[in-house]
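Participant: protein_28.tsv (TSV, C-alpha atoms) pasted underneath:
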```tsv
chain	number	residue	atom	x	y	z
Z	1	MET	CA	42.74	49.79	3.48
Z	2	ARG	CA	42.85	47.00	6.00
Z	3	ALA	CA	41.10	47.24	9.31
Z	4	ARG	CA	43.48	47.40	12.25
Z	5	SER	CA	43.03	46.20	15.78
Z	6	PHE	CA	45.05	46.47	18.97
Z	7	ALA	CA	46.46	43.40	20.66
Z	8	SER	CA	45.59	42.79	24.30
Z	9	ARG	CA	48.20	43.82	26.85
Z	10	LEU	CA	48.24	43.68	30.65
Z	11	LEU	CA	49.35	46.74	32.60
Z	12	PRO	CA	49.55	46.01	36.33
Z	13	ALA	CA	49.18	49.10	38.51
Z	14	THR	CA	49.66	48.76	42.25
Z	15	PRO	CA	48.52	51.39	44.77
Z	16	GLU	CA	52.18	51.98	45.66
Z	17	TRP	CA	52.94	52.84	42.02
Z	18	LEU	CA	50.01	55.26	41.80
Z	19	HIS	CA	49.38	58.31	43.95
Z	20	LEU	CA	47.79	57.02	47.18
Z	21	ASP	CA	46.05	60.29	48.03
Z	22	ALA	CA	44.46	60.33	44.60
Z	23	LEU	CA	43.24	56.76	45.09
Z	24	ASP	CA	41.64	57.76	48.39
Z	25	GLU	CA	39.74	60.48	46.53
Z	26	VAL	CA	38.63	57.97	43.90
Z	27	ALA	CA	37.37	55.63	46.63
Z	28	ASP	CA	35.15	58.42	47.95
Z	29	THR	CA	33.40	58.88	44.60
Z	30	LYS	CA	30.30	56.99	43.51
Z	31	GLY	CA	31.44	53.55	42.35
Z	32	GLY	CA	35.06	54.35	43.22
Z	33	GLU	CA	35.33	51.89	46.12
Z	34	ARG	CA	34.09	49.04	43.93
Z	35	LEU	CA	36.44	50.08	41.13
Z	36	LEU	CA	39.47	49.85	43.42
Z	37	ARG	CA	38.31	46.68	45.14
Z	38	GLU	CA	37.69	44.63	42.01
Z	39	HIS	CA	39.85	43.76	39.03
Z	40	LEU	CA	39.52	46.42	36.35
Z	41	PHE	CA	38.65	43.65	33.87
Z	42	GLU	CA	35.28	43.30	35.63
Z	43	HIS	CA	34.31	46.83	34.61
Z	44	ARG	CA	33.05	48.03	31.26
Z	45	TRP	CA	33.84	51.30	29.54
Z	46	THR	CA	33.97	52.84	26.13
Z	47	VAL	CA	37.42	53.29	24.61
Z	48	THR	CA	38.00	57.01	24.14
Z	49	PRO	CA	40.07	58.65	21.38
Z	50	ARG	CA	42.51	59.78	24.09
Z	51	LEU	CA	43.07	56.15	25.17
Z	52	ILE	CA	43.80	55.20	21.58
Z	53	GLU	CA	46.26	58.08	21.28
Z	54	ILE	CA	48.04	57.15	24.53
Z	55	VAL	CA	48.46	53.54	23.37
Z	56	ARG	CA	49.84	54.80	20.05
Z	57	GLN	CA	52.35	56.99	21.91
Z	58	ILE	CA	53.47	54.03	24.03
Z	59	PHE	CA	54.07	51.77	21.03
Z	60	ALA	CA	55.53	54.55	18.85
Z	61	PRO	CA	57.31	56.96	21.22
Z	62	PRO	CA	59.16	59.98	19.82
Z	63	PRO	CA	62.95	59.82	19.60
Z	64	LEU	CA	64.31	60.65	23.05
Z	65	LEU	CA	67.52	60.34	24.99
Z	66	PRO	CA	67.76	56.91	26.66
Z	67	ALA	CA	67.52	58.54	30.09
Z	68	MET	CA	64.23	60.23	29.12
Z	69	ARG	CA	62.59	57.28	27.38
Z	70	ASP	CA	61.64	55.41	30.56
Z	71	LEU	CA	60.25	58.58	32.13
Z	72	TYR	CA	58.19	59.27	29.02
Z	73	LEU	CA	56.77	55.73	28.90
Z	74	GLU	CA	55.95	55.77	32.61
Z	75	SER	CA	54.12	59.08	32.26
Z	76	ARG	CA	52.05	57.64	29.39
Z	77	ALA	CA	51.31	54.52	31.46
Z	78	VAL	CA	50.08	56.63	34.39
Z	79	GLU	CA	47.85	58.64	32.07
Z	80	LEU	CA	46.57	55.42	30.51
Z	81	VAL	CA	45.52	54.11	33.92
Z	82	ALA	CA	43.93	57.44	34.88
Z	83	GLU	CA	41.99	57.69	31.62
Z	84	THR	CA	40.79	54.10	31.93
Z	85	MET	CA	39.67	54.56	35.53
Z	86	ALA	CA	37.82	57.74	34.58
Z	87	ALA	CA	36.05	55.96	31.73
Z	88	ALA	CA	35.17	53.01	33.98
Z	89	LEU	CA	33.73	55.32	36.65
Z	90	GLN	CA	31.58	57.10	34.08
Z	91	ALA	CA	30.27	53.87	32.58
Z	92	SER	CA	28.24	52.77	35.57
Z	93	ARG	CA	26.99	49.19	35.40
Z	94	ARG	CA	23.93	49.92	37.52
Z	95	ASP	CA	20.47	50.38	36.08
Z	96	PRO	CA	18.04	53.08	37.34
Z	97	THR	CA	16.75	50.70	40.05
Z	98	GLY	CA	20.25	50.19	41.42
Z	99	MET	CA	20.53	46.53	40.36
Z	100	ILE	CA	23.90	45.25	39.19
Z	101	LEU	CA	24.29	43.16	36.06
Z	102	THR	CA	24.21	39.44	36.76
Z	103	ARG	CA	27.15	37.22	35.85
Z	104	GLN	CA	25.19	35.87	32.86
Z	105	ASP	CA	24.42	39.43	31.77
Z	106	ALA	CA	28.13	40.28	31.94
Z	107	ILE	CA	29.00	37.18	29.88
Z	108	CYS	CA	26.48	38.11	27.19
Z	109	LEU	CA	27.71	41.70	27.18
Z	110	ASP	CA	31.32	40.54	26.80
Z	111	ARG	CA	30.36	38.27	23.90
Z	112	ALA	CA	28.57	41.11	22.16
Z	113	LYS	CA	31.41	43.58	22.63
Z	114	ASN	CA	34.04	41.05	21.55
Z	115	TYR	CA	31.96	40.24	18.46
Z	116	VAL	CA	31.68	43.92	17.57
Z	117	ALA	CA	35.39	44.51	18.24
Z	118	ALA	CA	36.32	41.68	15.87
Z	119	ARG	CA	33.80	42.59	13.14
Z	120	TRP	CA	33.29	46.34	13.46
Z	121	ALA	CA	34.10	46.81	9.77
Z	122	ASP	CA	31.38	44.32	8.71
Z	123	PRO	CA	27.68	45.11	8.23
Z	124	LEU	CA	26.22	44.76	11.74
Z	125	ASN	CA	22.75	44.95	13.24
Z	126	VAL	CA	21.26	44.21	16.66
Z	127	GLU	CA	19.85	40.84	15.60
Z	128	VAL	CA	23.21	39.54	14.34
Z	129	ILE	CA	25.08	40.74	17.43
Z	130	SER	CA	22.44	39.41	19.85
Z	131	ARG	CA	22.57	35.95	18.25
Z	132	ALA	CA	26.36	35.89	18.67
Z	133	ALA	CA	25.96	36.97	22.31
Z	134	GLY	CA	23.30	34.35	23.07
Z	135	ILE	CA	20.59	36.80	24.10
Z	136	SER	CA	17.50	38.38	22.57
Z	137	ALA	CA	17.77	41.67	20.68
Z	138	SER	CA	15.70	43.49	23.31
Z	139	GLY	CA	17.77	41.92	26.10
Z	140	LEU	CA	20.99	43.08	24.46
Z	141	GLN	CA	19.64	46.60	24.11
Z	142	ARG	CA	18.82	46.57	27.82
Z	143	LEU	CA	22.37	45.48	28.74
Z	144	PHE	CA	23.93	48.24	26.63
Z	145	ARG	CA	21.61	50.82	28.15
Z	146	ILE	CA	22.66	49.72	31.64
Z	147	ALA	CA	26.39	49.18	31.06
Z	148	GLU	CA	27.17	51.75	28.36
Z	149	ASN	CA	24.29	54.21	28.70
Z	150	GLN	CA	23.69	53.97	24.96
Z	151	SER	CA	22.06	51.71	22.38
Z	152	VAL	CA	23.88	48.95	20.51
Z	153	PHE	CA	23.77	51.05	17.34
Z	154	GLU	CA	25.29	54.04	19.14
Z	155	TYR	CA	28.04	51.82	20.59
Z	156	VAL	CA	28.96	50.44	17.15
Z	157	ARG	CA	28.83	53.89	15.56
Z	158	LYS	CA	31.14	55.41	18.19
Z	159	LEU	CA	33.57	52.51	17.90
Z	160	ARG	CA	33.78	52.98	14.14
Z	161	LEU	CA	34.25	56.71	14.57
Z	162	ALA	CA	37.06	56.02	17.05
Z	163	GLN	CA	38.75	53.80	14.46
Z	164	ALA	CA	38.37	56.58	11.88
Z	165	PHE	CA	39.86	59.06	14.36
Z	166	ALA	CA	42.87	56.77	14.87
Z	167	THR	CA	43.53	56.38	11.13
Z	168	LEU	CA	43.32	60.15	10.56
Z	169	SER	CA	45.43	60.94	13.62
Z	170	ASN	CA	48.13	58.53	12.45
Z	171	GLY	CA	48.10	59.93	8.90
Z	172	GLU	CA	46.98	56.59	7.48
Z	173	ALA	CA	43.87	57.72	5.59
Z	174	THR	CA	42.22	60.56	3.76
Z	175	VAL	CA	38.94	62.00	5.01
Z	176	LEU	CA	37.06	59.97	2.39
Z	177	GLU	CA	38.82	56.76	3.43
Z	178	ALA	CA	38.15	57.50	7.10
Z	179	SER	CA	34.46	58.06	6.37
Z	180	LEU	CA	34.31	54.61	4.78
Z	181	VAL	CA	36.07	53.15	7.82
Z	182	ALA	CA	33.33	54.65	9.99
Z	183	GLY	CA	30.64	53.24	7.70
Z	184	TYR	CA	29.45	56.54	6.21
Z	185	SER	CA	28.64	56.91	2.52
Z	186	SER	CA	28.12	60.66	2.93
Z	187	ALA	CA	31.20	62.74	3.76
Z	188	ALA	CA	28.98	65.50	5.14
Z	189	ASN	CA	27.18	63.16	7.54
Z	190	PHE	CA	30.53	61.71	8.59
Z	191	ALA	CA	31.97	65.16	9.29
Z	192	THR	CA	28.93	66.11	11.37
Z	193	ALA	CA	29.03	62.93	13.46
Z	194	PHE	CA	32.82	63.15	13.81
Z	195	ARG	CA	32.74	66.74	15.05
Z	196	ARG	CA	29.89	65.97	17.44
Z	197	GLN	CA	31.87	63.13	19.04
Z	198	PHE	CA	35.40	64.58	19.05
Z	199	GLY	CA	34.93	68.34	18.84
Z	200	ILE	CA	37.07	68.62	15.71
Z	201	THR	CA	36.40	68.15	12.00
Z	202	PRO	CA	38.04	65.25	10.11
Z	203	SER	CA	39.81	67.65	7.74
Z	204	HIS	CA	41.22	69.68	10.65
Z	205	LEU	CA	42.49	66.52	12.33
Z	206	MET	CA	44.09	65.35	9.09
Z	207	ARG	CA	45.88	68.70	8.61
Z	208	ARG	CA	47.09	68.57	12.21
Z	209	SER	CA	48.37	65.05	11.65
Z	210	GLU	CA	50.14	66.07	8.44
Z	211	SER	CA	51.86	69.00	10.18
Z	212	ARG	CA	52.99	66.68	12.99
Z	213	HIS	CA	54.46	64.13	10.59
Z	214	TRP	CA	55.90	66.62	8.08
Z	215	PRO	CA	59.15	67.47	9.97
Z	216	LYS	CA	59.91	63.79	10.33
Z	217	SER	CA	59.37	63.27	6.59
Z	218	SER	CA	61.49	66.26	5.57
Z	219	GLN	CA	64.39	65.09	7.71
Z	220	ALA	CA	64.40	61.77	5.95
Z	221	VAL	CA	64.79	63.43	2.51
```
In structure tokens, write the structure found in this file.

Facilitator:
Amino acid sequence: MRARSFASRLLPATPEWLHLDALDEVADTKGGERLLREHLFEHRWTVTPRLIEIVRQIFAPPPLLPAMRDLYLESRAVELVAETMAAALQASRRDPTGMILTRQDAICLDRAKNYVAARWADPLNVEVISRAAGISASGLQRLFRIAENQSVFEYVRKLRLAQAFATLSNGEATVLEASLVAGYSSAANFATAFRRQFGITPSHLMRRSESRHWPKSSQAV
């Protein structure tokens, strides 16, 4: 089964398009003013399973009347922005002393995350990723602790689990195949980690995906 990746897309969102009162409330939260003042690209966050699902819904919307299609896509776009802003607010880029990552830190962090995103299916360790990012292994661990509130290993593990979630949710893999996608040789360990991260077992998600796709398959017969 080939590894899949999402292409980059820009989604401009102006204050006039979003709910202004809601933005005022965001600005009052910790880090909210900075989030609204700066380009969202300058912030770091972990892609959640819900974000992956929203993107899937945008690129593969259900059959709707033409008059409803635009409304459906706009509602998904609003939710995509809201979910991203929530993730960015949670992933604070400040360390316990209140210092912000330097520009060089941000560059190294971007290199590391881009390297992992491009090679998540390959055998990875901190030393390999840190060399690609141009920083020491201990320095890279420090950046991930500050920006992601987790270790490099935890970041890679969650990214692989998110990929496994996407394949199961889309009906593209069995539980065994999804466990291999996530880098687990033990199905039991995979199920435990999967349930801990997403609150659902892989087999339950697969059955839910099958039931969602079954009517569409039966209609085509």

Participant: Using only C-alpha atoms, find the one residue out of Z:Ala182, Z:Leu161, Z:Val55, Z:Leu140 that sits nearest to Ala106 in chain Z.

Facilitator: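 Using only C-alpha atoms, the shortest distance to Ala106 in chain Z belongs to Z:Leu140.
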
Participant: What does the distance from CA of Ala137 in chain Z to CA of Arg103 in chain Z come to in Å, to one decimal?

Facilitator: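 Interatomic distance here is 18.4 Å.
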
Participant: Considering all atoms listed in the file, can you say which of Z:Ala86, Z:Ala191, Z:Val175, Z:Leu101 comes closest to Thr48 in chain Z?

Facilitator: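 Among the listed residues, the smallest separation from Thr48 in chain Z belongs to Z:Ala86.
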
Participant: Dump as a count of residues only all residues having an atom at most 12 Å from (54.7, 56.7, 17.6), computed in the file's coordinates with all atoms listed in the file.

Facilitator: 20

Participant: To one decimal in Å, tell me the separation between CA of Ala164 in chain Z and CA of Leu205 in chain Z.

Facilitator: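 Calculated distance between CA of Ala164 in chain Z and CA of Leu205 in chain Z is 10.8 Å.
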